[in-house]
file start24.cif (mmCIF, C-alpha atoms)
data_run
#
loop_
_atom_site.label_atom_id
_atom_site.label_comp_id
_atom_site.auth_asym_id
_atom_site.auth_seq_id
_atom_site.Cartn_x
_atom_site.Cartn_y
_atom_site.Cartn_z
CA MET K 1 0.00 0.00 0.00
CA ALA K 2 1.25 3.49 -0.85
CA GLU K 3 2.19 5.69 2.07
CA PRO K 4 -0.07 8.65 2.93
CA SER K 5 0.64 12.07 1.48
CA VAL K 6 -1.83 14.03 3.65
CA PHE K 7 -1.68 13.90 7.44
CA LEU K 8 -4.46 15.22 9.65
CA VAL K 9 -3.72 15.84 13.32
CA VAL K 10 -7.01 16.23 15.19
CA PRO K 11 -8.50 15.87 18.69
CA SER K 12 -9.75 12.34 19.34
CA ALA K 13 -13.27 13.76 19.74
CA ALA K 14 -13.10 15.03 16.13
CA GLU K 15 -11.70 11.83 14.61
CA ALA K 16 -15.08 10.40 13.53
CA ASP K 17 -16.06 13.71 11.93
CA PHE K 18 -12.85 13.88 9.87
CA GLU K 19 -13.08 10.20 8.93
CA ALA K 20 -16.56 10.87 7.54
CA PHE K 21 -15.30 13.97 5.75
CA VAL K 22 -12.48 12.04 4.09
CA ARG K 23 -14.83 9.19 3.18
CA ASP K 24 -17.28 11.57 1.52
CA THR K 25 -14.72 13.79 -0.19
CA VAL K 26 -11.76 11.76 -1.42
CA ALA K 27 -12.00 9.42 -4.41
CA CYS K 28 -11.99 5.80 -3.32
CA ALA K 29 -8.62 5.01 -4.90
CA PHE K 30 -6.93 7.77 -2.89
CA LYS K 31 -8.31 7.14 0.58
CA PRO K 32 -5.09 5.35 1.63
CA SER K 33 -3.25 8.61 0.90
CA VAL K 34 -4.83 10.21 3.98
CA ARG K 35 -3.72 9.40 7.54
CA ILE K 36 -5.55 10.74 10.58
CA LEU K 37 -3.55 11.07 13.82
CA THR K 38 -5.17 12.04 17.14
CA ASP K 39 -4.27 13.16 20.65
CA ALA K 40 -5.95 10.07 22.15
CA SER K 41 -2.78 9.27 24.14
CA ASN K 42 -3.37 12.37 26.32
CA SER K 43 -5.36 10.30 28.82
CA ARG K 44 -2.18 8.43 29.77
CA TYR K 45 -0.42 11.52 31.09
CA GLN K 46 -0.87 13.58 34.23
CA THR K 47 1.68 16.35 33.62
CA ASP K 48 3.18 18.02 30.54
CA VAL K 49 0.32 16.53 28.55
CA ASN K 50 0.81 18.61 25.42
CA LYS K 51 4.54 17.87 25.33
CA ALA K 52 3.99 14.13 25.81
CA VAL K 53 1.28 13.96 23.12
CA THR K 54 3.51 15.88 20.72
CA ARG K 55 6.23 13.29 21.28
CA ASP K 56 3.71 10.51 20.52
CA LEU K 57 2.58 12.26 17.34
CA ILE K 58 6.19 12.69 16.21
CA ASP K 59 6.82 8.99 16.89
CA SER K 60 3.88 8.14 14.61
CA LEU K 61 4.90 10.57 11.86
CA SER K 62 8.50 9.34 11.90
CA THR K 63 7.37 5.91 10.71
CA TYR K 64 6.47 7.36 7.31
CA SER K 65 8.64 8.53 4.45
CA VAL K 66 7.91 12.20 3.82
CA THR K 67 8.59 14.26 0.70
CA SER K 68 8.35 17.96 -0.02
CA GLU K 69 4.93 17.39 -1.61
CA HIS K 70 3.38 15.95 1.54
CA ARG K 71 1.04 18.06 3.63
CA ILE K 72 0.06 18.18 7.29
CA TYR K 73 -2.99 19.93 8.72
CA ILE K 74 -3.17 20.44 12.48
CA HIS K 75 -6.52 21.05 14.19
CA ARG K 76 -5.95 24.00 16.52
CA ASP K 77 -7.73 22.28 19.44
CA THR K 78 -5.47 19.22 19.40
CA LYS K 79 -3.76 18.67 22.76
CA CYS K 80 -0.20 19.11 21.52
CA SER K 81 2.44 21.76 21.00
CA ASP K 82 1.76 23.24 17.55
CA ARG K 83 5.09 25.01 17.52
CA GLU K 84 7.14 21.94 18.42
CA LEU K 85 5.24 19.73 15.96
CA LYS K 86 5.68 22.24 13.13
CA SER K 87 9.38 22.57 13.90
CA TRP K 88 9.88 18.81 13.73
CA CYS K 89 7.92 18.62 10.46
CA GLU K 90 10.05 21.33 8.84
CA GLN K 91 13.20 19.49 9.84
CA ASN K 92 11.98 16.15 8.52
CA GLY K 93 10.77 16.64 4.98
CA PHE K 94 7.68 18.85 5.12
CA VAL K 95 7.85 22.21 3.35
CA SER K 96 6.71 25.14 5.51
CA ARG K 97 3.94 26.14 3.10
CA ASN K 98 2.47 22.64 3.40
CA ILE K 99 2.14 22.80 7.19
CA SER K 100 -0.93 24.57 8.54
CA VAL K 101 -2.79 24.98 11.82
CA GLY K 102 -6.43 25.98 11.72
CA THR K 103 -10.07 25.51 12.61
CA PRO K 104 -11.99 22.47 11.35
CA ALA K 105 -13.75 24.57 8.72
CA ASP K 106 -10.48 26.09 7.52
CA ILE K 107 -8.77 22.68 7.30
CA LYS K 108 -11.67 21.18 5.35
CA ARG K 109 -11.73 24.11 2.95
CA ARG K 110 -8.00 23.79 2.32
CA LEU K 111 -8.32 20.04 1.82
CA VAL K 112 -11.11 20.40 -0.73
CA ASP K 113 -9.04 22.94 -2.65
CA HIS K 114 -5.99 20.66 -2.58
CA TRP K 115 -7.86 17.49 -3.54
CA SER K 116 -9.75 19.26 -6.34
CA ALA K 117 -6.51 20.65 -7.77
CA THR K 118 -4.79 17.26 -7.70
CA GLY K 119 -7.72 15.22 -9.06
CA THR K 120 -8.10 13.43 -5.74
CA HIS K 121 -11.50 14.90 -4.87
CA TRP K 122 -14.22 12.39 -5.81
CA LYS K 123 -15.82 14.67 -8.36
CA SER K 124 -12.68 15.85 -10.15
CA TYR K 125 -11.40 12.27 -10.10
CA ALA K 126 -14.68 10.94 -11.58
CA GLN K 127 -14.67 13.57 -14.33
CA GLY K 128 -11.10 12.64 -15.18
CA GLN K 129 -12.07 8.98 -15.54
CA ILE K 130 -15.15 9.81 -17.62
CA ASP K 131 -13.02 11.91 -19.96
CA ILE K 132 -10.94 8.81 -20.77
CA PHE K 133 -14.00 7.00 -22.16
CA LEU K 134 -14.01 7.46 -25.93
CA GLY K 135 -17.67 6.66 -26.58
CA GLN K 136 -20.74 8.77 -25.91
CA LYS K 137 -21.50 9.56 -22.31
CA LEU K 138 -23.84 11.55 -20.15
CA GLY K 139 -22.61 14.57 -18.23
CA LEU K 140 -21.56 13.66 -14.69
CA ASP K 141 -23.92 16.17 -13.07
CA ALA K 142 -26.87 14.97 -15.15
CA TRP K 143 -26.17 11.37 -14.16
CA LEU K 144 -25.80 12.25 -10.47
CA GLN K 145 -29.03 14.27 -10.47
CA GLN K 146 -30.95 11.07 -11.19
CA PHE K 147 -29.76 9.63 -7.89
CA GLY K 148 -30.98 12.78 -6.16
CA GLU K 149 -34.40 12.48 -7.80
CA LEU K 150 -34.64 8.95 -6.40
CA ARG K 151 -33.42 10.18 -2.99
CA SER K 152 -30.11 8.34 -2.98
CA PRO K 153 -27.56 11.03 -3.88
CA SER K 154 -24.82 9.43 -1.76
CA ALA K 155 -24.95 6.24 -3.85
CA GLY K 156 -24.24 8.26 -6.99
CA ARG K 157 -21.36 10.09 -5.36
CA LYS K 158 -19.80 6.86 -4.14
CA LEU K 159 -20.15 5.12 -7.51
CA ALA K 160 -18.51 8.11 -9.19
CA SER K 161 -15.74 7.92 -6.60
CA GLN K 162 -15.01 4.30 -7.58
CA LEU K 163 -15.02 4.69 -11.37
CA ARG K 164 -12.02 3.39 -13.22
CA VAL K 165 -11.71 3.71 -16.99
CA ILE K 166 -8.75 1.83 -18.46
CA GLN K 167 -6.87 2.49 -21.69
CA PRO K 168 -5.61 -0.98 -22.69
CA ASP K 169 -2.44 0.41 -24.24
CA LYS K 170 -1.59 2.25 -21.01
CA MET K 171 -2.07 -0.51 -18.46
CA PRO K 172 0.64 -0.51 -15.74
CA GLY K 173 1.93 -4.03 -16.41
CA GLU K 174 1.99 -3.48 -20.20
CA PRO K 175 0.37 -6.90 -20.75
CA PHE K 176 0.31 -6.52 -24.56
CA LYS K 177 3.98 -5.60 -24.89
CA LEU K 178 6.69 -8.02 -26.03
CA ARG K 179 9.71 -8.28 -23.73
CA PRO K 180 13.23 -8.62 -25.22
CA ALA K 181 13.43 -12.32 -24.35
CA ASP K 182 9.94 -13.25 -25.56
CA MET K 183 10.91 -14.06 -29.14
CA LEU K 184 14.36 -15.57 -28.68
CA GLY K 185 14.40 -19.12 -29.99
CA LEU K 186 10.63 -19.27 -30.48
CA ASN K 187 8.34 -19.16 -33.48
CA ASP K 188 5.15 -17.77 -31.94
CA ALA K 189 1.95 -16.36 -33.43
CA TYR K 190 0.39 -13.40 -31.64
CA CYS K 191 -3.37 -13.64 -31.86
CA TYR K 192 -6.59 -11.77 -31.13
CA VAL K 193 -10.02 -13.45 -30.96
CA ARG K 194 -12.30 -12.17 -33.72
CA ASP K 195 -16.05 -12.74 -33.57
CA ASN K 196 -19.11 -11.29 -35.30
CA ASP K 197 -19.34 -8.35 -32.89
CA GLU K 198 -17.72 -5.58 -34.91
CA GLY K 199 -18.01 -3.23 -31.94
CA GLY K 200 -16.26 -5.66 -29.60
CA SER K 201 -13.00 -5.03 -27.81
CA TRP K 202 -11.08 -7.34 -30.15
CA GLY K 203 -10.62 -4.44 -32.55
CA ASP K 204 -8.52 -2.59 -29.97
CA ILE K 205 -6.48 -5.72 -29.23
CA LYS K 206 -5.83 -6.22 -32.95
CA SER K 207 -4.67 -2.62 -33.32
CA MET K 208 -2.26 -2.90 -30.37
CA LEU K 209 -0.80 -6.16 -31.65
CA MET K 210 -0.41 -4.84 -35.20
CA HIS K 211 1.54 -1.85 -33.88
CA GLY K 212 3.56 -3.73 -31.28
CA GLN K 213 4.41 -7.18 -32.68
CA PRO K 214 6.63 -8.12 -35.65
CA GLU K 215 5.10 -7.85 -39.11
CA GLY K 216 3.47 -11.06 -40.26
CA LYS K 217 3.26 -12.48 -36.74
CA VAL K 218 -0.25 -11.22 -35.86
CA HIS K 219 -3.20 -13.48 -36.73
CA PRO K 220 -6.92 -13.72 -35.93
CA VAL K 221 -8.48 -16.66 -34.12
CA GLU K 222 -12.06 -17.02 -35.32
CA TRP K 223 -14.73 -17.52 -32.63
CA ASP K 224 -18.19 -18.48 -33.88
CA LYS K 225 -20.49 -17.95 -30.90
CA ASP K 226 -23.47 -19.70 -32.48
CA ALA K 227 -21.62 -22.79 -33.66
CA GLU K 228 -19.24 -22.61 -30.67
CA THR K 229 -16.15 -23.27 -32.74
CA LEU K 230 -12.72 -21.73 -32.24
CA THR K 231 -10.61 -21.84 -35.40
CA PHE K 232 -6.87 -21.17 -35.38
CA PRO K 233 -4.92 -20.16 -38.49
CA PRO K 234 -3.40 -23.12 -40.40
CA ILE K 235 0.21 -22.11 -39.79
CA SER K 236 3.22 -23.92 -38.35
CA VAL K 237 4.24 -22.28 -35.06
CA ASP K 238 5.61 -23.26 -31.67
CA ARG K 239 2.79 -21.55 -29.75
CA PHE K 240 -0.27 -19.40 -30.19
CA ILE K 241 -0.19 -16.43 -27.79
CA VAL K 242 -3.79 -15.24 -27.53
CA TYR K 243 -4.40 -11.75 -26.11
CA GLU K 244 -7.66 -10.38 -24.63
CA ASP K 245 -8.47 -7.31 -22.58
CA ALA K 246 -10.03 -9.03 -19.56
CA LEU K 247 -11.11 -12.29 -17.97
CA TRP K 248 -14.19 -11.56 -15.84
CA SER K 249 -16.56 -14.42 -14.99
CA GLY K 250 -14.85 -16.88 -17.30
CA SER K 251 -18.12 -18.00 -18.91
CA GLU K 252 -17.07 -17.26 -22.50
CA THR K 253 -13.55 -18.56 -21.93
CA VAL K 254 -15.05 -21.84 -20.72
CA ARG K 255 -17.13 -22.09 -23.89
CA ARG K 256 -14.02 -21.60 -25.98
CA LEU K 257 -12.09 -24.17 -23.95
CA LYS K 258 -14.90 -26.65 -24.49
CA ALA K 259 -14.62 -25.98 -28.23
CA LEU K 260 -10.87 -26.62 -28.06
CA ALA K 261 -11.46 -29.93 -26.32
CA LYS K 262 -13.50 -31.01 -29.36
CA LEU K 263 -11.21 -29.51 -32.02
CA PRO K 264 -7.66 -28.92 -30.68
CA ALA K 265 -5.41 -26.18 -32.02
CA PRO K 266 -2.34 -27.21 -34.06
CA ALA K 267 0.03 -25.89 -31.33
CA PRO K 268 -0.03 -25.14 -27.58
CA ILE K 269 -1.96 -22.03 -26.52
CA ILE K 270 -1.04 -19.37 -23.97
CA LEU K 271 -3.84 -17.01 -22.94
CA LYS K 272 -2.90 -13.51 -21.81
CA PHE K 273 -5.29 -10.94 -20.32
CA GLY K 274 -4.83 -7.32 -19.30
CA ILE K 275 -7.12 -7.83 -16.30
CA VAL K 276 -8.01 -11.09 -14.58
CA ALA K 277 -10.79 -11.45 -12.02
CA ASP K 278 -10.18 -14.01 -9.29
CA PHE K 279 -13.55 -15.60 -10.14
CA GLY K 280 -12.88 -16.04 -13.85
CA LEU K 281 -9.33 -17.22 -13.27
CA ARG K 282 -10.51 -20.00 -10.97
CA VAL K 283 -13.29 -21.05 -13.34
CA SER K 284 -11.06 -21.03 -16.43
CA ARG K 285 -8.23 -22.98 -14.84
CA HIS K 286 -10.79 -25.47 -13.52
CA ALA K 287 -12.07 -25.91 -17.07
CA ILE K 288 -8.55 -26.43 -18.44
CA ARG K 289 -8.14 -29.36 -16.04
CA ALA K 290 -11.68 -30.69 -16.48
CA TYR K 291 -11.46 -30.75 -20.29
CA GLY K 292 -8.05 -32.41 -20.35
CA LEU K 293 -6.25 -29.36 -21.76
CA THR K 294 -3.50 -28.98 -19.15
CA SER K 295 -0.72 -29.79 -21.63
CA LYS K 296 -2.29 -27.71 -24.39
CA VAL K 297 -3.61 -24.49 -22.80
CA SER K 298 -2.29 -22.26 -20.01
CA ILE K 299 -3.05 -18.79 -18.68
CA ASP K 300 -0.10 -16.44 -18.24
CA THR K 301 -0.89 -13.80 -15.60
CA THR K 302 2.65 -12.42 -15.28
CA ALA K 303 1.67 -8.96 -16.54
CA SER K 304 -2.05 -9.09 -15.67
CA GLN K 305 -3.76 -6.99 -13.03
CA LEU K 306 -5.74 -9.11 -10.57
CA LEU K 307 -9.16 -7.86 -9.40
CA ARG K 308 -10.83 -9.62 -6.50
CA PHE K 309 -14.59 -10.13 -6.45
CA ILE K 310 -14.82 -13.19 -4.21
CA THR K 311 -15.30 -11.56 -0.81
CA GLU K 312 -15.97 -14.61 1.36
CA PRO K 313 -13.43 -17.33 2.31
CA LEU K 314 -13.85 -20.39 0.11
CA PRO K 315 -14.26 -23.81 1.75
CA PRO K 316 -11.32 -26.15 0.99
CA GLU K 317 -13.37 -28.20 -1.47
CA LEU K 318 -13.92 -25.10 -3.65
CA ASP K 319 -10.31 -24.00 -3.75
CA LEU K 320 -9.73 -26.16 -6.83
CA GLY K 321 -13.21 -27.68 -7.12
CA THR K 322 -11.79 -30.95 -8.45
CA THR K 323 -14.88 -32.93 -7.41
CA ARG K 324 -17.23 -30.59 -9.31
CA SER K 325 -18.03 -30.22 -12.97
CA THR K 326 -17.05 -26.85 -14.43
CA GLU K 327 -20.73 -25.88 -14.64
CA ASP K 328 -21.35 -26.72 -10.97
CA TYR K 329 -18.12 -25.04 -9.88
CA PHE K 330 -19.16 -21.87 -11.74
CA LYS K 331 -22.57 -21.87 -10.03
CA GLU K 332 -21.26 -22.56 -6.53
CA LEU K 333 -18.62 -19.82 -6.65
CA HIS K 334 -21.34 -17.19 -7.05
CA ALA K 335 -22.38 -17.72 -3.43
CA TYR K 336 -19.06 -16.19 -2.37
CA VAL K 337 -19.26 -13.00 -4.44
CA GLY K 338 -21.87 -11.19 -2.33
CA MET K 339 -22.23 -7.56 -3.43
CA GLY K 340 -18.94 -7.81 -5.28
CA ALA K 341 -16.73 -4.74 -5.41
CA LEU K 342 -19.12 -2.65 -3.34
CA GLU K 343 -19.43 -5.09 -0.45
CA ALA K 344 -15.67 -5.18 -0.14
CA ASN K 345 -15.71 -1.44 0.55
CA SER K 346 -16.83 -0.50 4.04
CA MET K 347 -17.98 2.98 2.99
CA TRP K 348 -21.26 1.58 1.60
CA THR K 349 -24.41 1.48 3.73
CA ASP K 350 -27.05 -1.24 3.50
CA GLU K 351 -29.53 1.32 2.16
CA GLU K 352 -27.18 2.39 -0.64
CA LEU K 353 -26.45 -1.21 -1.63
CA ALA K 354 -30.18 -1.96 -1.63
CA PHE K 355 -30.79 1.03 -3.90
CA CYS K 356 -28.16 -0.12 -6.42
CA LYS K 357 -29.59 -3.63 -6.44
CA GLU K 358 -33.21 -2.56 -6.81
CA ALA K 359 -32.49 -0.05 -9.58
CA GLY K 360 -30.24 -2.59 -11.29
CA SER K 361 -32.94 -5.26 -11.08
CA GLN K 362 -35.43 -3.00 -12.84
CA LEU K 363 -32.98 -2.02 -15.58
CA ILE K 364 -31.82 -5.59 -16.17
CA THR K 365 -35.39 -6.89 -16.28
CA GLN K 366 -36.29 -4.39 -19.00
CA TRP K 367 -33.09 -5.04 -20.98
CA LEU K 368 -33.40 -8.83 -20.93
CA SER K 369 -37.12 -8.63 -21.74
CA ARG K 370 -36.32 -6.57 -24.85
CA ARG K 371 -33.65 -9.04 -25.94
CA THR K 372 -35.62 -12.25 -25.47
CA GLY K 373 -39.23 -11.08 -25.74
CA ALA K 374 -40.02 -12.68 -22.36
CA ALA K 375 -39.63 -11.65 -18.74
CA PRO K 376 -36.43 -13.12 -17.22
CA SER K 377 -36.61 -15.44 -14.23
CA TYR K 378 -35.95 -14.23 -10.70
CA GLU K 379 -32.67 -16.18 -10.63
CA VAL K 380 -31.39 -14.51 -13.80
CA VAL K 381 -32.30 -11.03 -12.55
CA GLU K 382 -30.56 -11.77 -9.23
CA ARG K 383 -27.44 -12.81 -11.11
CA PHE K 384 -27.31 -9.58 -13.16
CA ALA K 385 -28.85 -6.93 -10.87
CA MET K 386 -25.43 -5.87 -9.58
CA GLY K 387 -23.73 -6.53 -12.89
CA GLY K 388 -22.93 -9.90 -14.43
CA GLY K 389 -22.14 -12.48 -11.75
CA GLY K 390 -22.97 -9.94 -9.04
CA PHE K 391 -19.51 -8.42 -9.44
CA ALA K 392 -20.78 -4.82 -9.00
CA SER K 393 -17.76 -3.66 -10.99
CA THR K 394 -17.05 0.00 -11.69
CA THR K 395 -14.05 -0.82 -13.92
CA LEU K 396 -14.43 -0.42 -17.68
CA PHE K 397 -12.33 0.18 -20.75
CA SER K 398 -11.98 3.33 -22.82
CA ARG K 399 -13.98 1.80 -25.67
CA SER K 400 -16.10 -0.92 -24.04
CA ILE K 401 -18.29 -1.50 -20.99
CA PRO K 402 -18.16 -5.01 -19.53
CA LYS K 403 -21.51 -6.45 -18.46
CA VAL K 404 -20.03 -7.11 -15.02
CA CYS K 405 -20.35 -3.35 -14.42
CA LEU K 406 -23.35 -2.11 -12.47
CA PRO K 407 -26.40 -1.64 -14.76
CA LEU K 408 -26.71 1.94 -13.48
CA LEU K 409 -23.59 2.67 -15.55
CA TRP K 410 -24.63 1.18 -18.91
CA LEU K 411 -28.40 0.58 -19.17
CA ASP K 412 -31.39 2.87 -19.68
CA GLY K 413 -35.00 2.35 -18.65
CA VAL K 414 -37.66 3.32 -16.14
CA VAL K 415 -36.59 3.13 -12.49
CA THR K 416 -39.21 3.49 -9.75
CA ILE K 417 -38.18 3.76 -6.10
CA ASP K 418 -40.78 4.51 -3.41
CA SER K 419 -43.25 5.99 -5.92
CA ARG K 420 -40.58 8.27 -7.40
CA GLN K 421 -39.85 7.53 -11.07
CA VAL K 422 -36.95 8.40 -13.37
CA HIS K 423 -36.35 7.54 -17.02
CA TRP K 424 -32.83 6.45 -16.28
CA ARG K 425 -30.00 7.46 -18.59
CA PRO K 426 -26.69 5.61 -18.24
CA LEU K 427 -23.37 7.33 -17.71
CA PHE K 428 -21.74 5.40 -20.57
CA PHE K 429 -23.57 4.69 -23.83
CA ASP K 430 -23.40 1.59 -25.99
CA ALA K 431 -25.77 1.89 -28.98
CA ARG K 432 -26.31 -1.88 -28.92
CA ARG K 433 -27.77 -1.76 -25.41
CA VAL K 434 -29.84 1.40 -25.02
CA SER K 435 -33.55 1.06 -25.69
CA ASN K 436 -34.07 4.67 -26.71
CA PRO K 437 -31.90 5.58 -29.75
CA ASN K 438 -32.70 9.26 -29.16
CA LEU K 439 -30.29 9.11 -26.23
CA LEU K 440 -27.52 8.91 -28.80
CA CYS K 441 -28.57 12.14 -30.49
CA VAL K 442 -29.07 14.55 -27.60
CA ASP K 443 -26.52 17.09 -26.50
CA LEU K 444 -24.86 15.44 -23.53
#
call {"tool": "encode", "arguments": {"input": "start24.cif", "output": "C-alpha cells"}}
result
Amino acid sequence: MAEPSVFLVVPSAAEADFEAFVRDTVACAFKPSVRILTDASNSRYQTDVNKAVTRDLIDSLSTYSVTSEHRIYIHRDTKCSDRELKSWCEQNGFVSRNISVGTPADIKRRLVDHWSATGTHWKSYAQGQIDIFLGQKLGLDAWLQQFGELRSPSAGRKLASQLRVIQPDKMPGEPFKLRPADMLGLNDAYCYVRDNDEGGSWGDIKSMLMHGQPEGKVHPVEWDKDAETLTFPPISVDRFIVYEDALWSGSETVRRLKALAKLPAPAPIILKFGIVADFGLRVSRHAIRAYGLTSKVSIDTTASQLLRFITEPLPPELDLGTTRSTEDYFKELHAYVGMGALEANSMWTDEELAFCKEAGSQLITQWLSRRTGAAPSYEVVERFAMGGGGFASTTLFSRSIPKVCLPLLWLDGVVTIDSRQVHWRPLFFDARRVSNPNLLCVDL
C-alpha cells in the first residue's frame, strides 16, 4: 500500500467527523493517501500533557517517508504543541507552506481545494475517468441528479468515486507488450479473438498487436459464438499467444475451452489478459483441467492486473473444485461473491447497496425482456442486478463497458423507487444496449 501524502492531526473527539469527511470527499482510490492522527494518548499523562502527546505524534509521523509534496494539517484544538510539531515537520521533509494549523472549517476548505486541484476529490477524479471513455457519455452532473431524484444522492457520489476507466495500451503491467526475451528461440503467433461483434474489444487488441508485434506475426483466431467453434490459423508455429483485454466471470472462456477440447489447435496455446478477475481465473483454470487441456492451454498472468470479487473465504473443497463439474463449480462460486466490489468497501451502507440492487434489477429486467421477448426469471435477474455475476464492478475500458459493471452505468430504462420515477440514462452509452436511440442524439 502506498504511504499517505496528507496527514491530519485532530483531537480524538473530532476523529469520527474527519473520517466521515475524508470518506465523503476523497475518491476511493486515494483514501489510503490520507492518515488521521489524534491526541488520544493524552489520557495516559498527568503532567506536561501537550509535550507528551507531541512526542507521541512525532513517533507516529517518523514511521512514514515524507517528501516535499506531503502536507500536514493540524486542528488548533489538538492537545499538543503546535510550535514543536511544526518545527519537527520542517526538519523532517515537510515544506513550511504545506504545514498549517487551523479551525476544522479552515482545514476542510484547504483540503477540498488541494484534492480538487490534484484530481483526488471524488468529483474531479470521476470527471477525469469519464473523460478517458471514448464513446458517448452523459454529463456527470446529469447522471448524479438522477440519484438525487430517487433520494439516494450518496450512492451516486460513491459510484462516481469508484469509477475506473482503463486504456488498454496504457495498463501498468503493459500486458500486450513483447519483452526482449519473448521471441528468442521461439516461433510464436500473436493472436486476437475475432467474432461477429464488430463493436467488440477485439478491434482494440488487434490494433495494439499490429503496432507492437513483428510484421506477419499477428493473426486472428475465429470464434463463432453460435456454432461454438474456435478456429486457429493453419500455420506452423511453436505456440499461439492469444491476447484479450479481460477475464471476468470466465463463462465465455469456458465455452471456448470446451470448443478446443473437441477440435484442438495445431500448437499449444497461452492465454494472456490485461485484467483477470479471481472468479474467472478460478473457473477457467478449472475448465482447463476438467477438459483435459492442461498440456495444451495455459493462462499467463505475469503482466495481468488481478481484481478480487470473491469476498468470502472459500471452503477447501472449492479452492480447486476438483470434485465438481465446471458448470457446478461456476454456479457454486457465485455464493461467495456477495455484493462484489461494493461489499468489499466498508464505505457503503445497507440502504445504498439496496438502492443499487433494486435499480439494477429494474434495468436488467427491461433489458433482458427486450432481448428475449419474455420476462427473465428471478434467478437470472438476481445474477445480473449488480452486474454480471454480481460483481458490481465499476471498472471499464476506454472503448467498451463489460456487463459485469453495475447496470446503473450502462443501461437505460424506467426506475421506480418509493413511488418516485426516473427515465434512467446511463453514464456510458453503448448503442447496442440502449432502448431509446434518441439518447444517442441529444446534447450530452
call {"tool": "resolve_selection", "arguments": {"input": "start24.cif", "expression": "the PyMOL selection byres ((chain K and resi 341) around 9)", "output": "list in words"}}
result
Arg308, Phe309, Ile310, Thr311, Val337, Gly338, Met339, Gly340, Leu342, Glu343, Ala344, Asn345, Gly390, Phe391, Ala392, Ser393 and Thr394 of chain K
call {"tool": "resolve_selection", "arguments": {"input": "start24.cif", "expression": "the PyMOL selection byres ((chain K and resi 404) around 7)", "output": "MDAnalysis selection string"}}
result
chainID K and resid 387:389 391:393 402:403 405:406
call {"tool": "resolve_selection", "arguments": {"input": "start24.cif", "expression": "the PyMOL selection byres ((chain K and resi 242) around 6)", "output": "list of chain:residue names"}}
result
K:Cys191, K:Tyr192, K:Ile241, K:Tyr243, K:Leu271
call {"tool": "atom_distance", "arguments": {"input": "start24.cif", "atom1": "CA of Glu90 (chain K)", "atom2": "CA of Leu61 (chain K)"}}
result
12.3 Å
call {"tool": "atom_distance", "arguments": {"input": "start24.cif", "atom1": "CA of Thr120 (chain K)", "atom2": "CA of Phe30 (chain K)"}}
result
6.4 Å
call {"tool": "residues_around", "arguments": {"input": "start24.cif", "residues": "region 145-150 of chain K", "least_positions_apart": "2", "cutoff": "8 Å", "atoms": "all atoms listed in the file", "output": "ChimeraX atom specification"}}
result
/K:141-143,152-156,416-417,420-422,424
call {"tool": "residues_around", "arguments": {"input": "start24.cif", "residues": "Ala13 (chain K)", "least_positions_apart": "4", "cutoff": "10 Å", "atoms": "only C-alpha atoms", "output": "ChimeraX atom specification"}}
result
/K:17-18,38-40,78
call {"tool": "closest_residue", "arguments": {"input": "start24.cif", "among": "K:Arg97, K:Tyr45, K:Leu163, K:Asp238", "to": "Leu186 (chain K)", "atoms": "only C-alpha atoms"}}
result
K:Asp238
call {"tool": "residues_around", "arguments": {"input": "start24.cif", "residues": "Leu257 (chain K)", "least_positions_apart": "5", "cutoff": "12 Å", "atoms": "only C-alpha atoms", "output": "ChimeraX atom specification"}}
result
/K:223,228-231,250-252,262-265,269,271,283-294,296-299,326
call {"tool": "closest_residue", "arguments": {"input": "start24.cif", "among": "K:Cys80, K:Glu352, K:Thr323, K:Val221", "to": "Val49 (chain K)", "atoms": "only C-alpha atoms"}}
result
K:Cys80
call {"tool": "residues_around", "arguments": {"input": "start24.cif", "residues": "Leu368 (chain K)", "least_positions_apart": "2", "cutoff": "12 Å", "atoms": "all atoms listed in the file", "output": "ChimeraX atom specification"}}
result
/K:360-366,370-378,380-381,384-385,407,411-413,433-435
call {"tool": "atom_distance", "arguments": {"input": "start24.cif", "atom1": "CA of Thr103 (chain K)", "atom2": "CA of Cys28 (chain K)"}}
result
25.4 Å
call {"tool": "closest_residue", "arguments": {"input": "start24.cif", "among": "K:Asn436, K:Thr25, K:Ser60, K:Thr322", "to": "Ser116 (chain K)", "atoms": "all atoms listed in the file"}}
result
K:Thr25
call {"tool": "closest_residue", "arguments": {"input": "start24.cif", "among": "K:Ile58, K:Leu318, K:Leu333, K:Leu409", "to": "Gly280 (chain K)", "atoms": "all atoms listed in the file"}}
result
K:Leu333
call {"tool": "closest_residue", "arguments": {"input": "start24.cif", "among": "K:Ser236, K:Asp226, K:Thr67, K:Leu427", "to": "Leu144 (chain K)", "atoms": "all atoms listed in the file"}}
result
K:Leu427
call {"tool": "closest_residue", "arguments": {"input": "start24.cif", "among": "K:Asp24, K:Glu317, K:Glu358, K:Glu69", "to": "Ser161 (chain K)", "atoms": "all atoms listed in the file"}}
result
K:Asp24
call {"tool": "residues_around", "arguments": {"input": "start24.cif", "residues": "His219 (chain K)", "least_positions_apart": "4", "cutoff": "12 Å", "atoms": "only C-alpha atoms", "output": "compact mmCIF listing (two decimals) with C-alpha atoms, keeping the file's coordinate frame"}}
result
# COMPACT_ATOMS: atom_id res chain seq x y z
CA ASP K 188 5.15 -17.77 -31.94
CA ALA K 189 1.95 -16.36 -33.43
CA TYR K 190 0.39 -13.40 -31.64
CA CYS K 191 -3.37 -13.64 -31.86
CA TYR K 192 -6.59 -11.77 -31.13
CA VAL K 193 -10.02 -13.45 -30.96
CA ARG K 194 -12.30 -12.17 -33.72
CA TRP K 202 -11.08 -7.34 -30.15
CA ILE K 205 -6.48 -5.72 -29.23
CA LYS K 206 -5.83 -6.22 -32.95
CA SER K 207 -4.67 -2.62 -33.32
CA LEU K 209 -0.80 -6.16 -31.65
CA MET K 210 -0.41 -4.84 -35.20
CA GLN K 213 4.41 -7.18 -32.68
CA PRO K 214 6.63 -8.12 -35.65
CA GLU K 215 5.10 -7.85 -39.11
CA THR K 231 -10.61 -21.84 -35.40
CA PHE K 232 -6.87 -21.17 -35.38
CA PRO K 233 -4.92 -20.16 -38.49
CA PRO K 234 -3.40 -23.12 -40.40
CA ILE K 235 0.21 -22.11 -39.79
CA VAL K 237 4.24 -22.28 -35.06
CA PHE K 240 -0.27 -19.40 -30.19
CA ILE K 241 -0.19 -16.43 -27.79
CA VAL K 242 -3.79 -15.24 -27.53
CA TYR K 243 -4.40 -11.75 -26.11
